[in-house]
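Notes for the one structure printed next.
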Amino acid sequence: MKIRPQYHLRPGPQGLQAWDVRQLIAQAAALGLQPHWVALAEITELGERYWFTEPGDEPTPRAVAEHLKLVEAADTQYPILLDAEGRLMDGMHRCVKRLSQGHSHVLALRFPDTPAPDFVGIAADDLPYDEE
C-alpha cells in the first residue's frame with residue numbers, strides 16, 4: 001500500500017518536531033510490533049483540539065468536509081500508531097471513523113520507546129512532501 005507523505009507534528013523545546021509517518025510504519029514493522037485493541041476512551045486526542053490548531057486553520061464547513069472525506073476513506077484494518085506514553089502519532093481519521101460507527105476500540109501499535117523525530121525546528125510547510 002502506498003501512503004501519501006504525511007507527518008506527525010508536536011511542539012518541542014527546539015522547535016517543531018516532525019515524524020515521517022511512513023518511517024514510523026517501517027520502524028513499527030522492523031520492531032515486530034503486534035496490533036492490539038485500545039479503547040477509544042484512552043485516545044486523549046479525541047477530546048482535544050486536533051486538526052485546526054494553526055493560526056488561520058479554521059474549521060470551516062469546507063475544511064470539515066475535507067476531513068470527512070478522509071474519515072470515510074480510512075481503512076480501520078490498519079492499526080493506529082501510539083508513542084510510548086500512549087499519545088497518538090498516526091490514525092486520527094481511523095479513530096474518528098471507529099467512533100462514528102459506534103465502536104469502542106481501535107487496533108493500535110504502541111512503540112515501547114518513542115522514536116526520535118525525523119525533523120526538528122523546521123516549519124510544517126517546509127517539510128518534504130514529495131512522493132519519492
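The chains in the C-alpha cells are called A, B, ... from first to last as shown; in each chain the residues are counted from 1, and the ligands are counted from 1 in the order shown.
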Selection near A:Trp37, 7 Å with only C-alpha atoms, sequence-local residues under 6 positions removed, as a PyMOL selection string | chain A and resi 105-108
Pick out the residues sitting within 12 Å of A:Arg49, and hand them over as a compact mmCIF listing (two decimals) with C-alpha atoms, in the first residue's frame; count only C-alpha atoms, and ignore anything fewer than 6 positions along from it in its own chain.
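So the final result, stored in result-v7.txt, reads:
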# COMPACT_ATOMS: atom_id res chain seq x y z
CA ASP A 57 -6.54 27.00 10.02
CA GLU A 58 -10.23 27.36 10.77
CA PRO A 59 -12.84 24.58 10.94
CA MET A 92 -6.93 10.13 13.91
Can you list, as a PyMOL selection string, every protein, DNA or RNA residue that comes within 6 Å of stretch 16-29 of chain A when you count only C-alpha atoms, leaving out same-chain residues fewer than 3 positions away?
-> chain A and resi 6-12+32-33+117-121
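Going from atom CA of A:Pro61 over to atom CA of A:Asp130, you cover 27.9 Å.
In terms of minimum interatomic distance to A:His103, A:Ala39 ranks closest within A:Leu70, A:Gly15, A:Ala39, A:Pro5, counting only C-alpha atoms.
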From the DSSP assignment of the backbone, select every residue of stretch 81-127 of chain A that is alpha helix (DSSP H), and format the answer as a PyMOL selection string.
-> chain A and resi 92-100
List every residue of chain A that DSSP, applied to the backbone of this structure, places in strand (DSSP E or B), and write the result as a list in words.
->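 The residues of chain A classed as strand (DSSP E or B) are Tyr7, His8, Leu9, Arg10, Gln17, Ala18, Trp19, Asp20, His36, Trp37, Val38, Ala39, Ile80, Leu81, Leu82, Leu88, Met89, Asp90, His105, Val106, Leu107, Ala108, Leu109, Arg110, Phe119 and Val120 of chain A.
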Atom pair atom CA of A:Ala74 + atom CA of A:His93, distance 6.2 Å
Which value, in Å to one decimal, gives the distance between atom CA of A:Phe111 and atom CA of A:Arg87?
->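 Computing the Euclidean distance for atom CA of A:Phe111 and atom CA of A:Arg87 yields 10.1 Å.
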Show which residues sit within 12 Å of A:Lys69, as a PyMOL selection string. Count only C-alpha atoms, and ignore same-chain residues fewer than 6 positions away.
-> chain A and resi 62-63+93-94+96-97
Which residue of A:Gly56, A:Pro13, A:Pro79, A:Gly86 approaches A:Ile43 most closely, using only C-alpha atoms =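 Closest candidate: A:Gly86.
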